[in-house]
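What follows is a short report on a single structure.
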Amino acid sequence: MRYINRYILQVIFWLGIWCLLWISADTDIRFILENALAFVLQLILIFVLIAYAVPKFLFQKKILQFLIITISAILLSAFISSEFGPSPKVGPPPGPEMRPGSAKLPSRFLIHLLIMSISSVAAVLIETIIYARNKEQMAALAKAELIESELKLLKMQINPHFLFNALNNIYTLSVTNSEKTQESINTLSEMLRYVIYDCEQAQVPLKKELNYIRNYIRLFNLKSSTHFDINFHQEVADDNTIVAPMIFIPFVENALKHSGIEKGKGSFVLISLVQKGDSIEFTLENSLPSMPKTKDTAGGIGLPNVRKRLELLYPERHELKITKLETFKVYLKLMLA
């Protein structure tokens with residue numbers, strides 16, 4: 001019962017208020033006798049509100065029932081405390097300054113009604129604010145868990161696809177050029193180490209991501225004795241800059257797959273990564289084959305997957321432009337801070 005602590009604090013608060021009122025009444029013991037019942041009923045009213053009426057009716061959006069219960073409880077408490085408590089001390093006969101028609105003090109019922117109303121409204125407001133804050137925290141936690149689940153799912157879609165392509169490359173290489181097979185296996189081993197261990201982290205140093213891209217290109221080049229026109233330009237001020245893993249490689253994999261570079265004849269892939277300060281600019285351009293490539297039935301991660309991952313990892317902190325005219329171009333800018 002989390003509301004118990006809040007209830008105790010409110011009891012202490014109103015006890016302090018009543019003590020101040022008693023002091024202002026010259027610590028007359030009669031004041032305590034006249035208002036003790038009102039104080040007890042006030043505490044009961046607050047408890048009923050925060051333990052029952054607010055969670056059972058207000059938070060369940062049963063507003064009419066909540067208002068009926070609350071208003072009835074306030075009126076009943078004020079009536080009982082004013083009618084059944086000790087009668088107020090009778091003052092001296094009215095003098096000249098207390099002539100009929102002059103201003104009179106409000107009745108004890110109205111005073112108790114005001115106190116009951118104020119304490120009830122304060123208790124309801126406190127409970128509502130805490131409820132709204134807790135609900136917001138739960139929503140934020142649920143969103144964080146959803147994002148983490150989605151990221152794990154996206155990684156599961158990415159990593160097996162790279163492994164599938166790499167094994168295909170090594171298989172092709174083992175048939176055509178056995179001397180390079182060992183080198184390709186070593187390269188793949190280093191790539192898998194990055195995927196299995198480093199990619200489990202939320203962020204990795206940029207140098208590891210760059211090394212993975214270089215290994216991927218190296219493995220791709222090993223599959224054939226033909227020279228592929230692949231250029232990877234790197235301009236990095238600090239290769240220990242932290243980035244999300246596997247954030248650039250999908251574009252590289254997509255370019256090598258769909259550029260028609262394996263057929264030669266003017267096909268190319270140009271990659272550039274520039275890191276300065278708190279920003280990274282990644283650009284990629286690749287040729288387009290004259291004949292559309294048959295869609296891979298095994299499937300890939302797809303650009304929608306990449307967009308979704310960027311939205312989750314760098315919300316409002318990335319810019320992605322993709323154009324497809326005579327060539328396929330990608331521009332990605334990450335704002336790291």
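Naming works like this for the structure tokens: A, B, ... for the chains as they're shown, residue 1 at the start of each chain, ligands 1 onward in shown order.
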
- Leaving out segment 250-263 of chain A and any residue of its chain fewer than 3 positions from it, which residues lie within 7 Å of it when counting only C-alpha atoms, given as a count of residues only? 10

- Task: With a distance cut-off of 10 Å and only C-alpha atoms, select the neighbouring residues of Phe84 of chain A, excluding the residue or stretch itself and same-chain residues fewer than 5 positions from it, and output the selection as an MDAnalysis selection string.
- Result: chainID A and resid 34 37:38 79

Would you export the selected residues with N, CA and C atoms as a PDB file, in the first residue's frame, please?
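Saved file selection-v2.pdb follows:
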```pdb
ATOM      1  N   GLU A  34     -13.546  21.427  21.020  1.00  0.00           N
ATOM      2  CA  GLU A  34     -14.536  21.782  20.008  1.00  0.00           C
ATOM      3  C   GLU A  34     -14.181  21.237  18.626  1.00  0.00           C
ATOM      4  N   LEU A  37     -13.230  16.338  17.078  1.00  0.00           N
ATOM      5  CA  LEU A  37     -14.038  15.482  16.206  1.00  0.00           C
ATOM      6  C   LEU A  37     -13.851  15.865  14.742  1.00  0.00           C
ATOM      7  N   ALA A  38     -13.760  17.150  14.464  1.00  0.00           N
ATOM      8  CA  ALA A  38     -13.553  17.605  13.081  1.00  0.00           C
ATOM      9  C   ALA A  38     -12.219  17.095  12.544  1.00  0.00           C
ATOM     10  N   PHE A  79     -21.098  18.199   8.730  1.00  0.00           N
ATOM     11  CA  PHE A  79     -22.332  18.233   9.523  1.00  0.00           C
ATOM     12  C   PHE A  79     -22.134  17.542  10.865  1.00  0.00           C
TER      13      PHE A  79
END
```

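If you count only C-alpha atoms and ignore residues fewer than 2 places along the chain from Lys324 of chain A, what sits within 10 Å of it is Glu285, Asn286, Ser287, Leu288, Ile322, Glu326, Thr327, Phe328, Lys329 and Val330 of chain A.
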
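If only C-alpha atoms are the atoms counted, then among A:Thr187, A:Thr226, A:Ser77, A:Asn5 the closest residue to Asn211 of chain A is A:Thr187.
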
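Counting only C-alpha atoms and comparing A:Ser107, A:Asn35, A:Gln42, A:Thr172, the residue that lies closest to Val121 of chain A is A:Gln42.
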
- Query: Within 10 Å of Cys199 of chain A, counting only C-alpha atoms, which residues qualify if same-chain residues fewer than 4 places away don't, as JSON, numbers by chain?
  - Reply: {"A": [155, 159, 192, 193, 194, 195, 203, 204, 208, 209, 244, 245, 246]}

- Message: If we count only C-alpha atoms and set the cut-off at 12 Å, which residues sit around Val243 of chain A, ignoring sequence neighbours fewer than 5 positions away in its own chain? Please answer as a PyMOL selection string.
- Response: chain A and resi 198-199+201-210+238+248+275+278-280+310+313-314+334-337

Could those residues be written to a file, using N, CA and C atoms, as a PDB file, in the first residue's frame?
```pdb
ATOM      1  N   ASP A 198      30.895  -7.937 -30.012  1.00  0.00           N
ATOM      2  CA  ASP A 198      30.818  -6.478 -29.957  1.00  0.00           C
ATOM      3  C   ASP A 198      29.411  -5.952 -30.236  1.00  0.00           C
ATOM      4  N   CYS A 199      28.711  -6.589 -31.155  1.00  0.00           N
ATOM      5  CA  CYS A 199      27.384  -6.087 -31.525  1.00  0.00           C
ATOM      6  C   CYS A 199      26.332  -6.334 -30.458  1.00  0.00           C
ATOM      7  N   GLN A 201      26.741  -5.109 -27.619  1.00  0.00           N
ATOM      8  CA  GLN A 201      26.754  -3.841 -26.904  1.00  0.00           C
ATOM      9  C   GLN A 201      25.880  -2.826 -27.629  1.00  0.00           C
ATOM     10  N   ALA A 202      25.370  -1.866 -26.861  1.00  0.00           N
ATOM     11  CA  ALA A 202      24.524  -0.834 -27.466  1.00  0.00           C
ATOM     12  C   ALA A 202      25.338   0.062 -28.395  1.00  0.00           C
ATOM     13  N   GLN A 203      26.618   0.293 -28.057  1.00  0.00           N
ATOM     14  CA  GLN A 203      27.480   1.150 -28.865  1.00  0.00           C
ATOM     15  C   GLN A 203      28.874   0.552 -28.919  1.00  0.00           C
ATOM     16  N   VAL A 204      29.583   0.881 -29.982  1.00  0.00           N
ATOM     17  CA  VAL A 204      30.941   0.381 -30.178  1.00  0.00           C
ATOM     18  C   VAL A 204      31.812   1.522 -30.689  1.00  0.00           C
ATOM     19  N   PRO A 205      33.142   1.406 -30.538  1.00  0.00           N
ATOM     20  CA  PRO A 205      34.028   2.409 -31.130  1.00  0.00           C
ATOM     21  C   PRO A 205      33.909   2.389 -32.659  1.00  0.00           C
ATOM     22  N   LEU A 206      34.015   3.543 -33.252  1.00  0.00           N
ATOM     23  CA  LEU A 206      33.888   3.662 -34.702  1.00  0.00           C
ATOM     24  C   LEU A 206      34.929   2.815 -35.429  1.00  0.00           C
ATOM     25  N   LYS A 207      36.112   2.661 -34.847  1.00  0.00           N
ATOM     26  CA  LYS A 207      37.165   1.895 -35.527  1.00  0.00           C
ATOM     27  C   LYS A 207      36.752   0.444 -35.752  1.00  0.00           C
ATOM     28  N   LYS A 208      35.949  -0.118 -34.853  1.00  0.00           N
ATOM     29  CA  LYS A 208      35.495  -1.494 -35.035  1.00  0.00           C
ATOM     30  C   LYS A 208      34.479  -1.593 -36.158  1.00  0.00           C
ATOM     31  N   GLU A 209      33.644  -0.599 -36.271  1.00  0.00           N
ATOM     32  CA  GLU A 209      32.673  -0.581 -37.368  1.00  0.00           C
ATOM     33  C   GLU A 209      33.396  -0.424 -38.703  1.00  0.00           C
ATOM     34  N   LEU A 210      34.409   0.434 -38.739  1.00  0.00           N
ATOM     35  CA  LEU A 210      35.179   0.623 -39.967  1.00  0.00           C
ATOM     36  C   LEU A 210      35.939  -0.645 -40.339  1.00  0.00           C
ATOM     37  N   ASP A 238      38.645  10.982 -34.852  1.00  0.00           N
ATOM     38  CA  ASP A 238      38.756  10.174 -33.629  1.00  0.00           C
ATOM     39  C   ASP A 238      38.061   8.842 -33.865  1.00  0.00           C
ATOM     40  N   PHE A 248      26.274   1.182 -40.679  1.00  0.00           N
ATOM     41  CA  PHE A 248      26.645   1.578 -42.036  1.00  0.00           C
ATOM     42  C   PHE A 248      26.689   0.394 -43.002  1.00  0.00           C
ATOM     43  N   GLN A 275      34.328  11.724 -40.186  1.00  0.00           N
ATOM     44  CA  GLN A 275      33.950  11.989 -38.799  1.00  0.00           C
ATOM     45  C   GLN A 275      34.708  13.215 -38.308  1.00  0.00           C
ATOM     46  N   ASP A 278      31.294  15.922 -33.263  1.00  0.00           N
ATOM     47  CA  ASP A 278      30.160  15.102 -32.848  1.00  0.00           C
ATOM     48  C   ASP A 278      29.268  14.685 -34.015  1.00  0.00           C
ATOM     49  N   SER A 279      29.809  14.674 -35.207  1.00  0.00           N
ATOM     50  CA  SER A 279      29.002  14.287 -36.361  1.00  0.00           C
ATOM     51  C   SER A 279      29.765  13.318 -37.263  1.00  0.00           C
ATOM     52  N   ILE A 280      29.010  12.489 -37.933  1.00  0.00           N
ATOM     53  CA  ILE A 280      29.562  11.555 -38.921  1.00  0.00           C
ATOM     54  C   ILE A 280      28.745  11.694 -40.193  1.00  0.00           C
ATOM     55  N   LEU A 310      17.494   3.400 -37.532  1.00  0.00           N
ATOM     56  CA  LEU A 310      17.984   4.758 -37.326  1.00  0.00           C
ATOM     57  C   LEU A 310      16.994   5.576 -36.496  1.00  0.00           C
ATOM     58  N   LEU A 313      17.497   4.391 -32.883  1.00  0.00           N
ATOM     59  CA  LEU A 313      18.798   4.674 -32.273  1.00  0.00           C
ATOM     60  C   LEU A 313      19.129   6.162 -32.232  1.00  0.00           C
ATOM     61  N   TYR A 314      18.735   6.884 -33.269  1.00  0.00           N
ATOM     62  CA  TYR A 314      19.081   8.304 -33.364  1.00  0.00           C
ATOM     63  C   TYR A 314      17.834   9.139 -33.678  1.00  0.00           C
ATOM     64  N   LEU A 334      24.916  11.535 -38.947  1.00  0.00           N
ATOM     65  CA  LEU A 334      24.570  11.220 -37.569  1.00  0.00           C
ATOM     66  C   LEU A 334      25.064  12.333 -36.661  1.00  0.00           C
ATOM     67  N   MET A 335      24.171  12.854 -35.825  1.00  0.00           N
ATOM     68  CA  MET A 335      24.548  13.804 -34.795  1.00  0.00           C
ATOM     69  C   MET A 335      24.680  13.015 -33.491  1.00  0.00           C
ATOM     70  N   LEU A 336      25.911  12.874 -33.018  1.00  0.00           N
ATOM     71  CA  LEU A 336      26.173  11.989 -31.892  1.00  0.00           C
ATOM     72  C   LEU A 336      25.897  12.634 -30.546  1.00  0.00           C
ATOM     73  N   ALA A 337      25.747  13.932 -30.492  1.00  0.00           N
ATOM     74  CA  ALA A 337      25.516  14.611 -29.205  1.00  0.00           C
ATOM     75  C   ALA A 337      24.368  15.586 -29.346  1.00  0.00           C
TER      76      ALA A 337
END
```

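Atom pair atom CA of Leu64 of chain A / atom CA of Glu127 of chain A has a distance of 18.1 Å (rounded to one decimal).
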
- Task: Would you list the contacts of Ser225 of chain A as an MDAnalysis selection string, taking every protein, DNA or RNA residue within 12 Å and counting only C-alpha atoms, but skipping same-chain residues closer than 3 positions in sequence?
- Result: chainID A and resid 172:173 176:180 219:222 228 262

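When only C-alpha atoms are used to compute distances to Tyr131 of chain A, the closest of the residues A:Leu58, A:Val40, A:Leu284, A:Leu332 turns out to be A:Leu58.
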